[in-house]
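Trainee: Starting off with a structure, shown below.
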Amino acid sequence: MSLLGKTLLVTGGSRGIGLAIAKRAAKDGANIVIGAKTATPHPKLPGTIHSAAEECLAAGAGGAIGVQTDILDDDATQRLVDAAVSEFGGIDILINNASAIDNSGTLEVKAKKYALMHGINARGTFWTSKLALPHLLKAENPHVLNLSPPLDLDPRWFKIGGVAYTMAKYNMSMSALGMAEEFRGQVAFNCLWPRTAIATAAIDLLAGDLGRKASRTVDIMSDTAHWILTQDKAVTGNTFVDETICLEQLGMTEADLEKYRVSTMVPLMPDFYVGDAGELEKYIDAARKMQGAAKAAGEFTKKFGFG
């Protein structure tokens, strides 16, 4: 099945996974609506709503527009939905990708960051879905895809990911699962989450160059999102993991997954909330030791004038 002629509304779509999903749909000839805050170049982050729309057009989109949107602003979100309907006549697919992250522990997390994460991840996802639903219900095979994890209640995930962030991210998944049942047979609601870290600007800020090398590219997320979005709306209420779709639905082998790796020299970093929490704890401890050794080597070099 193709997404030709379908209209996708993507929140947080100016860069990273959101943009990758949009461009993959654009290759089919879909119409793309990019909703994000960045309208002018950011000093640290790549992409704007305008450059994202241009990239989608270059990839083959039937049409593409960028709409500056603060997902915390209900009026702005309504304008985003209205712009999509005005420009393309409706909405077939909503990608709830906008998200904020802070893995700080309970004693360290700031009130503003807590409010931001719950405002964007939890409330923003729910409210954007609510506003888009009247239009999705008119579509032939409508889908909503939230970029959020399986609901694994192993308490170690709350410790590793931070209680505040984990609560906010799980809220996105609960929205999808709840609405999947509420609108069963009318609109498909699913979630997608990566098995490993994904090389985005966020991973650069959180884990630096080592984190990027330990990641897979955004292509694994866009390829697997495309599979979900081309299924019948009866496929609903799932918390999919990218690697599982590749192996079980796209006919790939473990060897095929190598094409998504940024570097084969660094072990892949497991992502939060999938697999064994202890595995990620061990990886984080090892990465910290490696970073500590690299820092010590740099200080030694600087002190003694080598290099």
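Order determines the names: the first chain of the structure tokens is A, the second B, and so forth; residues in each chain are numbered 1 upward, and ligands are numbered 1 upward as they are shown.
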Give me, as a PyMOL selection string, the residues of segment 71-241 of chain A that a backbone DSSP run labels strand (DSSP E).

Mentor: chain A and resi 93-96+143-146+188-193+238-241

Trainee: Mind dumping the selected residues with N, CA and C atoms as a JSON list (two decimals), in the first residue's frame?

Mentor:
[["chain", "number", "residue", "atom", "x", "y", "z"],
["A", 93, "ILE", "N", -3.49, 11.17, 8.41],
["A", 93, "ILE", "CA", -2.53, 10.59, 9.35],
["A", 93, "ILE", "C", -1.99, 11.69, 10.26],
["A", 94, "LEU", "N", -1.93, 11.39, 11.55],
["A", 94, "LEU", "CA", -1.31, 12.29, 12.53],
["A", 94, "LEU", "C", -0.13, 11.58, 13.16],
["A", 95, "ILE", "N", 1.02, 12.24, 13.13],
["A", 95, "ILE", "CA", 2.22, 11.73, 13.79],
["A", 95, "ILE", "C", 2.49, 12.61, 15.02],
["A", 96, "ASN", "N", 2.27, 12.07, 16.21],
["A", 96, "ASN", "CA", 2.57, 12.79, 17.44],
["A", 96, "ASN", "C", 4.03, 12.52, 17.83],
["A", 143, "HIS", "N", -4.89, 7.01, 10.49],
["A", 143, "HIS", "CA", -3.94, 6.50, 11.48],
["A", 143, "HIS", "C", -3.43, 7.64, 12.37],
["A", 144, "VAL", "N", -3.21, 7.31, 13.62],
["A", 144, "VAL", "CA", -2.46, 8.17, 14.54],
["A", 144, "VAL", "C", -1.30, 7.34, 15.05],
["A", 145, "LEU", "N", -0.10, 7.90, 14.97],
["A", 145, "LEU", "CA", 1.10, 7.20, 15.43],
["A", 145, "LEU", "C", 1.81, 8.08, 16.45],
["A", 146, "ASN", "N", 1.93, 7.57, 17.68],
["A", 146, "ASN", "CA", 2.65, 8.28, 18.73],
["A", 146, "ASN", "C", 4.05, 7.70, 18.86],
["A", 188, "ALA", "N", -7.08, 4.10, 13.50],
["A", 188, "ALA", "CA", -6.02, 3.29, 14.10],
["A", 188, "ALA", "C", -5.13, 4.18, 14.96],
["A", 189, "PHE", "N", -4.84, 3.73, 16.17],
["A", 189, "PHE", "CA", -3.89, 4.40, 17.06],
["A", 189, "PHE", "C", -2.81, 3.40, 17.45],
["A", 190, "ASN", "N", -1.56, 3.74, 17.18],
["A", 190, "ASN", "CA", -0.44, 2.87, 17.52],
["A", 190, "ASN", "C", 0.73, 3.70, 18.03],
["A", 191, "CYS", "N", 1.70, 3.02, 18.62],
["A", 191, "CYS", "CA", 2.94, 3.65, 19.08],
["A", 191, "CYS", "C", 4.12, 2.99, 18.39],
["A", 192, "LEU", "N", 5.20, 3.73, 18.26],
["A", 192, "LEU", "CA", 6.45, 3.19, 17.71],
["A", 192, "LEU", "C", 7.60, 3.68, 18.56],
["A", 193, "TRP", "N", 8.54, 2.77, 18.87],
["A", 193, "TRP", "CA", 9.67, 3.10, 19.72],
["A", 193, "TRP", "C", 10.90, 2.35, 19.23],
["A", 238, "ASN", "N", -1.38, -1.05, 19.28],
["A", 238, "ASN", "CA", -0.08, -1.71, 19.43],
["A", 238, "ASN", "C", 1.01, -0.73, 19.88],
["A", 239, "THR", "N", 1.95, -1.23, 20.65],
["A", 239, "THR", "CA", 3.16, -0.47, 20.97],
["A", 239, "THR", "C", 4.32, -1.19, 20.26],
["A", 240, "PHE", "N", 4.53, -0.79, 19.02],
["A", 240, "PHE", "CA", 5.51, -1.45, 18.17],
["A", 240, "PHE", "C", 6.94, -1.02, 18.53],
["A", 241, "VAL", "N", 7.89, -1.92, 18.28],
["A", 241, "VAL", "CA", 9.32, -1.63, 18.38],
["A", 241, "VAL", "C", 9.92, -1.78, 16.99]]

Trainee: If we count only C-alpha atoms, what is near segment 3-10 of chain A at a cut-off of 7 Å, once residues fewer than 6 positions away on the same chain are taken out, given as a PDB file with C-alpha atoms, in the first residue's frame?

Mentor:
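The result, stored in selection00.pdb:
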ATOM      1  CA  GLY A  18       9.630  13.352  12.679  1.00  0.00           C
ATOM      2  CA  ALA A  25       5.819   9.400   3.221  1.00  0.00           C
ATOM      3  CA  ASP A  28       5.076   8.005  -1.967  1.00  0.00           C
ATOM      4  CA  GLY A  29       3.645  11.351  -3.023  1.00  0.00           C
ATOM      5  CA  ALA A  30       1.900  12.179   0.253  1.00  0.00           C
ATOM      6  CA  ASN A  31       1.043  15.719   1.332  1.00  0.00           C
ATOM      7  CA  ILE A  32       3.008  16.843   4.368  1.00  0.00           C
ATOM      8  CA  VAL A  33       2.173  19.364   7.072  1.00  0.00           C
ATOM      9  CA  ILE A  34       5.093  20.154   9.377  1.00  0.00           C
ATOM     10  CA  GLY A  35       4.165  21.592  12.764  1.00  0.00           C
ATOM     11  CA  GLY A  62       2.479  16.157  -3.530  1.00  0.00           C
ATOM     12  CA  PHE A  88      -5.135  19.739   1.547  1.00  0.00           C
ATOM     13  CA  ILE A  91      -6.087  14.845   7.494  1.00  0.00           C
ATOM     14  CA  ASP A  92      -5.415  11.142   6.945  1.00  0.00           C
ATOM     15  CA  ILE A  93      -2.530  10.589   9.354  1.00  0.00           C
ATOM     16  CA  LEU A  94      -1.314  12.286  12.533  1.00  0.00           C
ATOM     17  CA  ILE A  95       2.220  11.731  13.792  1.00  0.00           C
ATOM     18  CA  ASN A  96       2.568  12.785  17.442  1.00  0.00           C
ATOM     19  CA  ASN A  97       6.325  13.213  17.499  1.00  0.00           C
ATOM     20  CA  THR A 230       0.210   1.492   5.247  1.00  0.00           C
TER      21      THR A 230
END

Trainee: Excluding Ser14 of chain A and any residue of its chain fewer than 6 positions from it, enumerate the residues within 9 Å of it, using only C-alpha atoms, and give them as a PyMOL selection string.

Mentor: chain A and resi 34-39+46-53+66

Trainee: Let's have the selection written as a PDB file, in the first residue's frame, with C-alpha atoms.

Mentor:
ATOM      1  CA  ILE A  34       5.093  20.154   9.377  1.00  0.00           C
ATOM      2  CA  GLY A  35       4.165  21.592  12.764  1.00  0.00           C
ATOM      3  CA  ALA A  36       7.062  22.780  14.946  1.00  0.00           C
ATOM      4  CA  LYS A  37       8.347  25.810  16.837  1.00  0.00           C
ATOM      5  CA  THR A  38      11.469  26.479  14.780  1.00  0.00           C
ATOM      6  CA  ALA A  39      10.717  28.998  12.016  1.00  0.00           C
ATOM      7  CA  PRO A  46      19.369  21.832  12.489  1.00  0.00           C
ATOM      8  CA  GLY A  47      16.260  22.532  10.463  1.00  0.00           C
ATOM      9  CA  THR A  48      13.215  24.781  10.420  1.00  0.00           C
ATOM     10  CA  ILE A  49       9.604  24.223   9.416  1.00  0.00           C
ATOM     11  CA  HIS A  50      10.444  25.799   6.067  1.00  0.00           C
ATOM     12  CA  SER A  51      13.554  23.720   5.325  1.00  0.00           C
ATOM     13  CA  ALA A  52      11.661  20.582   6.377  1.00  0.00           C
ATOM     14  CA  ALA A  53       8.837  21.360   3.948  1.00  0.00           C
ATOM     15  CA  GLY A  66       5.358  24.358   7.483  1.00  0.00           C
TER      16      GLY A  66
END

Trainee: I need the residue nearest Ile284 of chain A from this list: A:Glu140, A:Ile245, A:Asp204, A:Ile160. Use only C-alpha atoms for the distance.

Mentor: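 Closest to Ile284 of chain A of all the choices is A:Ile160.
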
Trainee: Contacts between segment 102-122 of chain A and segment 147-236 of chain A, please, where a residue of segment 147-236 of chain A counts if it comes within 9 Å (with only C-alpha atoms); show its shortest atom pair and distance in Å to one decimal, rows by chain and ascending number, as a Markdown table.

Mentor:
| residue | atom | partner | partner_atom | distance |
| --- | --- | --- | --- | --- |
| A:Lys159 | CA | A:Gly105 | CA | 7.3 |
| A:Ile160 | CA | A:Asn103 | CA | 7.6 |
| A:Gly161 | CA | A:Asn103 | CA | 5.2 |
| A:Gly162 | CA | A:Asn103 | CA | 4.6 |
| A:Val163 | CA | A:Thr106 | CA | 6.5 |
| A:Ala164 | CA | A:Tyr114 | CA | 6.3 |
| A:Tyr165 | CA | A:Asn103 | CA | 6.0 |
| A:Thr166 | CA | A:Asn103 | CA | 8.3 |
| A:Met167 | CA | A:His118 | CA | 8.1 |
| A:Ala168 | CA | A:His118 | CA | 5.1 |
| A:Lys169 | CA | A:Asn121 | CA | 6.1 |
| A:Tyr170 | CA | A:Ala122 | CA | 8.2 |
| A:Asn171 | CA | A:Ala122 | CA | 5.2 |
| A:Met172 | CA | A:Ala122 | CA | 5.4 |
| A:Ser173 | CA | A:Ala122 | CA | 9.0 |
| A:Ser175 | CA | A:Ala122 | CA | 8.0 |

Trainee: Which is closest to Gly13 of chain A among A:Val67, A:Asp232, A:Asp152, A:Ala255, if we use only C-alpha atoms?

Mentor: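 Checking each of A:Val67, A:Asp232, A:Asp152, A:Ala255 against Gly13 of chain A, counting only C-alpha atoms, the winner is A:Val67.
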
Trainee: Once DSSP has gone over the backbone, tell me which residues of segment 105-177 of chain A are in alpha helix (DSSP H), as number ranges by chain.

Mentor: A: 111-117, 125-136, 155-161, 163-177

Trainee: For the selection just defined, write its residues with N, CA and C atoms to a file, as a tab-separated table (two decimals), in the first residue's frame.

Mentor:
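Writing done, so here's out_7.tsv:
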chain	number	residue	atom	x	y	z
A	111	ALA	N	11.04	22.39	38.14
A	111	ALA	CA	9.60	22.50	37.95
A	111	ALA	C	9.24	22.84	36.51
A	112	LYS	N	10.02	23.73	35.89
A	112	LYS	CA	9.73	24.13	34.51
A	112	LYS	C	9.90	22.95	33.56
A	113	LYS	N	10.93	22.13	33.80
A	113	LYS	CA	11.16	20.98	32.93
A	113	LYS	C	10.06	19.94	33.12
A	114	TYR	N	9.64	19.74	34.37
A	114	TYR	CA	8.54	18.81	34.62
A	114	TYR	C	7.29	19.26	33.87
A	115	ALA	N	6.96	20.54	34.00
A	115	ALA	CA	5.78	21.09	33.33
A	115	ALA	C	5.91	20.99	31.81
A	116	LEU	N	7.11	21.24	31.28
A	116	LEU	CA	7.33	21.18	29.84
A	116	LEU	C	7.11	19.77	29.32
A	117	MET	N	7.69	18.78	29.98
A	117	MET	CA	7.56	17.40	29.52
A	117	MET	C	6.12	16.93	29.56
A	125	THR	N	0.12	15.62	23.17
A	125	THR	CA	-0.25	14.47	22.35
A	125	THR	C	-1.76	14.23	22.40
A	126	PHE	N	-2.31	14.26	23.61
A	126	PHE	CA	-3.74	14.04	23.77
A	126	PHE	C	-4.54	15.12	23.03
A	127	TRP	N	-4.14	16.39	23.22
A	127	TRP	CA	-4.95	17.49	22.68
A	127	TRP	C	-4.84	17.59	21.16
A	128	THR	N	-3.65	17.34	20.63
A	128	THR	CA	-3.51	17.35	19.17
A	128	THR	C	-4.35	16.25	18.55
A	129	SER	N	-4.36	15.08	19.19
A	129	SER	CA	-5.19	13.97	18.71
A	129	SER	C	-6.66	14.36	18.74
A	130	LYS	N	-7.08	14.98	19.84
A	130	LYS	CA	-8.48	15.41	19.98
A	130	LYS	C	-8.89	16.38	18.87
A	131	LEU	N	-8.01	17.34	18.59
A	131	LEU	CA	-8.34	18.35	17.59
A	131	LEU	C	-8.33	17.79	16.17
A	132	ALA	N	-7.48	16.80	15.93
A	132	ALA	CA	-7.40	16.20	14.59
A	132	ALA	C	-8.49	15.17	14.35
A	133	LEU	N	-9.04	14.59	15.40
A	133	LEU	CA	-9.98	13.48	15.25
A	133	LEU	C	-11.21	13.78	14.39
A	134	PRO	N	-11.84	14.94	14.50
A	134	PRO	CA	-13.00	15.18	13.64
A	134	PRO	C	-12.68	15.03	12.15
A	135	HIS	N	-11.45	15.32	11.77
A	135	HIS	CA	-11.04	15.20	10.37
A	135	HIS	C	-10.57	13.78	10.06
A	136	LEU	N	-9.88	13.17	11.00
A	136	LEU	CA	-9.45	11.78	10.81
A	136	LEU	C	-10.65	10.85	10.64
A	155	PRO	N	10.18	-1.12	37.63
A	155	PRO	CA	10.52	0.14	38.29
A	155	PRO	C	11.91	0.66	37.95
A	156	ARG	N	12.79	-0.21	37.46
A	156	ARG	CA	14.14	0.25	37.10
A	156	ARG	C	14.09	1.24	35.96
A	157	TRP	N	13.08	1.12	35.05
A	157	TRP	CA	12.97	2.08	33.96
A	157	TRP	C	12.70	3.48	34.47
A	158	PHE	N	11.89	3.57	35.54
A	158	PHE	CA	11.59	4.88	36.10
A	158	PHE	C	12.84	5.51	36.71
A	159	LYS	N	13.68	4.69	37.29
A	159	LYS	CA	14.94	5.18	37.86
A	159	LYS	C	15.90	5.61	36.76
A	160	ILE	N	16.08	4.77	35.73
A	160	ILE	CA	17.03	5.07	34.66
A	160	ILE	C	16.57	6.26	33.82
A	161	GLY	N	15.31	6.26	33.45
A	161	GLY	CA	14.79	7.32	32.57
A	161	GLY	C	14.40	8.58	33.31
A	163	VAL	N	11.85	9.54	36.82
A	163	VAL	CA	10.42	9.34	37.07
A	163	VAL	C	9.58	10.35	36.28
A	164	ALA	N	9.99	11.61	36.28
A	164	ALA	CA	9.20	12.65	35.62
A	164	ALA	C	9.09	12.39	34.12
A	165	TYR	N	10.21	12.09	33.46
A	165	TYR	CA	10.19	11.85	32.02
A	165	TYR	C	9.43	10.56	31.69
A	166	THR	N	9.66	9.52	32.45
A	166	THR	CA	9.01	8.24	32.18
A	166	THR	C	7.50	8.37	32.28
A	167	MET	N	7.03	9.07	33.31
A	167	MET	CA	5.59	9.30	33.44
A	167	MET	C	5.03	10.02	32.22
A	168	ALA	N	5.74	11.06	31.78
A	168	ALA	CA	5.27	11.85	30.64
A	168	ALA	C	5.25	11.02	29.36
A	169	LYS	N	6.29	10.22	29.15
A	169	LYS	CA	6.39	9.43	27.92
A	169	LYS	C	5.36	8.30	27.92
A	170	TYR	N	5.18	7.66	29.07
A	170	TYR	CA	4.18	6.59	29.16
A	170	TYR	C	2.77	7.15	28.93
A	171	ASN	N	2.57	8.41	29.29
A	171	ASN	CA	1.27	9.03	29.07
A	171	ASN	C	0.92	9.07	27.59
A	172	MET	N	1.93	9.29	26.73
A	172	MET	CA	1.70	9.27	25.29
A	172	MET	C	1.19	7.90	24.85
A	173	SER	N	1.79	6.85	25.39
A	173	SER	CA	1.38	5.50	25.03
A	173	SER	C	-0.01	5.18	25.55
A	174	MET	N	-0.32	5.66	26.75
A	174	MET	CA	-1.66	5.43	27.29
A	174	MET	C	-2.72	6.13	26.46
A	175	SER	N	-2.39	7.32	25.93
A	175	SER	CA	-3.33	8.01	25.05
A	175	SER	C	-3.65	7.14	23.82
A	176	ALA	N	-2.61	6.58	23.23
A	176	ALA	CA	-2.80	5.76	22.03
A	176	ALA	C	-3.62	4.51	22.34
A	177	LEU	N	-3.27	3.83	23.42
A	177	LEU	CA	-3.97	2.59	23.74
A	177	LEU	C	-5.44	2.86	24.10

Trainee: Point out the residue among A:Ala83, A:Leu257, A:Val235, A:Met269 with the least atom-to-atom distance to Gly185 of chain A, counting only C-alpha atoms.

Mentor: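 Counting only C-alpha atoms, the residue closest to Gly185 of chain A is A:Val235.
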
Trainee: In terms of the shortest atom-to-atom distance over only C-alpha atoms, which of A:Asp209, A:Glu182, A:Asp219, A:Glu54 is closest to Ile17 of chain A?

Mentor: A:Asp219

Trainee: Nearest to Leu147 of chain A: which of A:Gly211, A:Pro267, A:Gly16, A:Gly275 is it, counting only C-alpha atoms?

Mentor: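 Nearest candidate to Leu147 of chain A out of A:Gly211, A:Pro267, A:Gly16, A:Gly275: A:Gly16.
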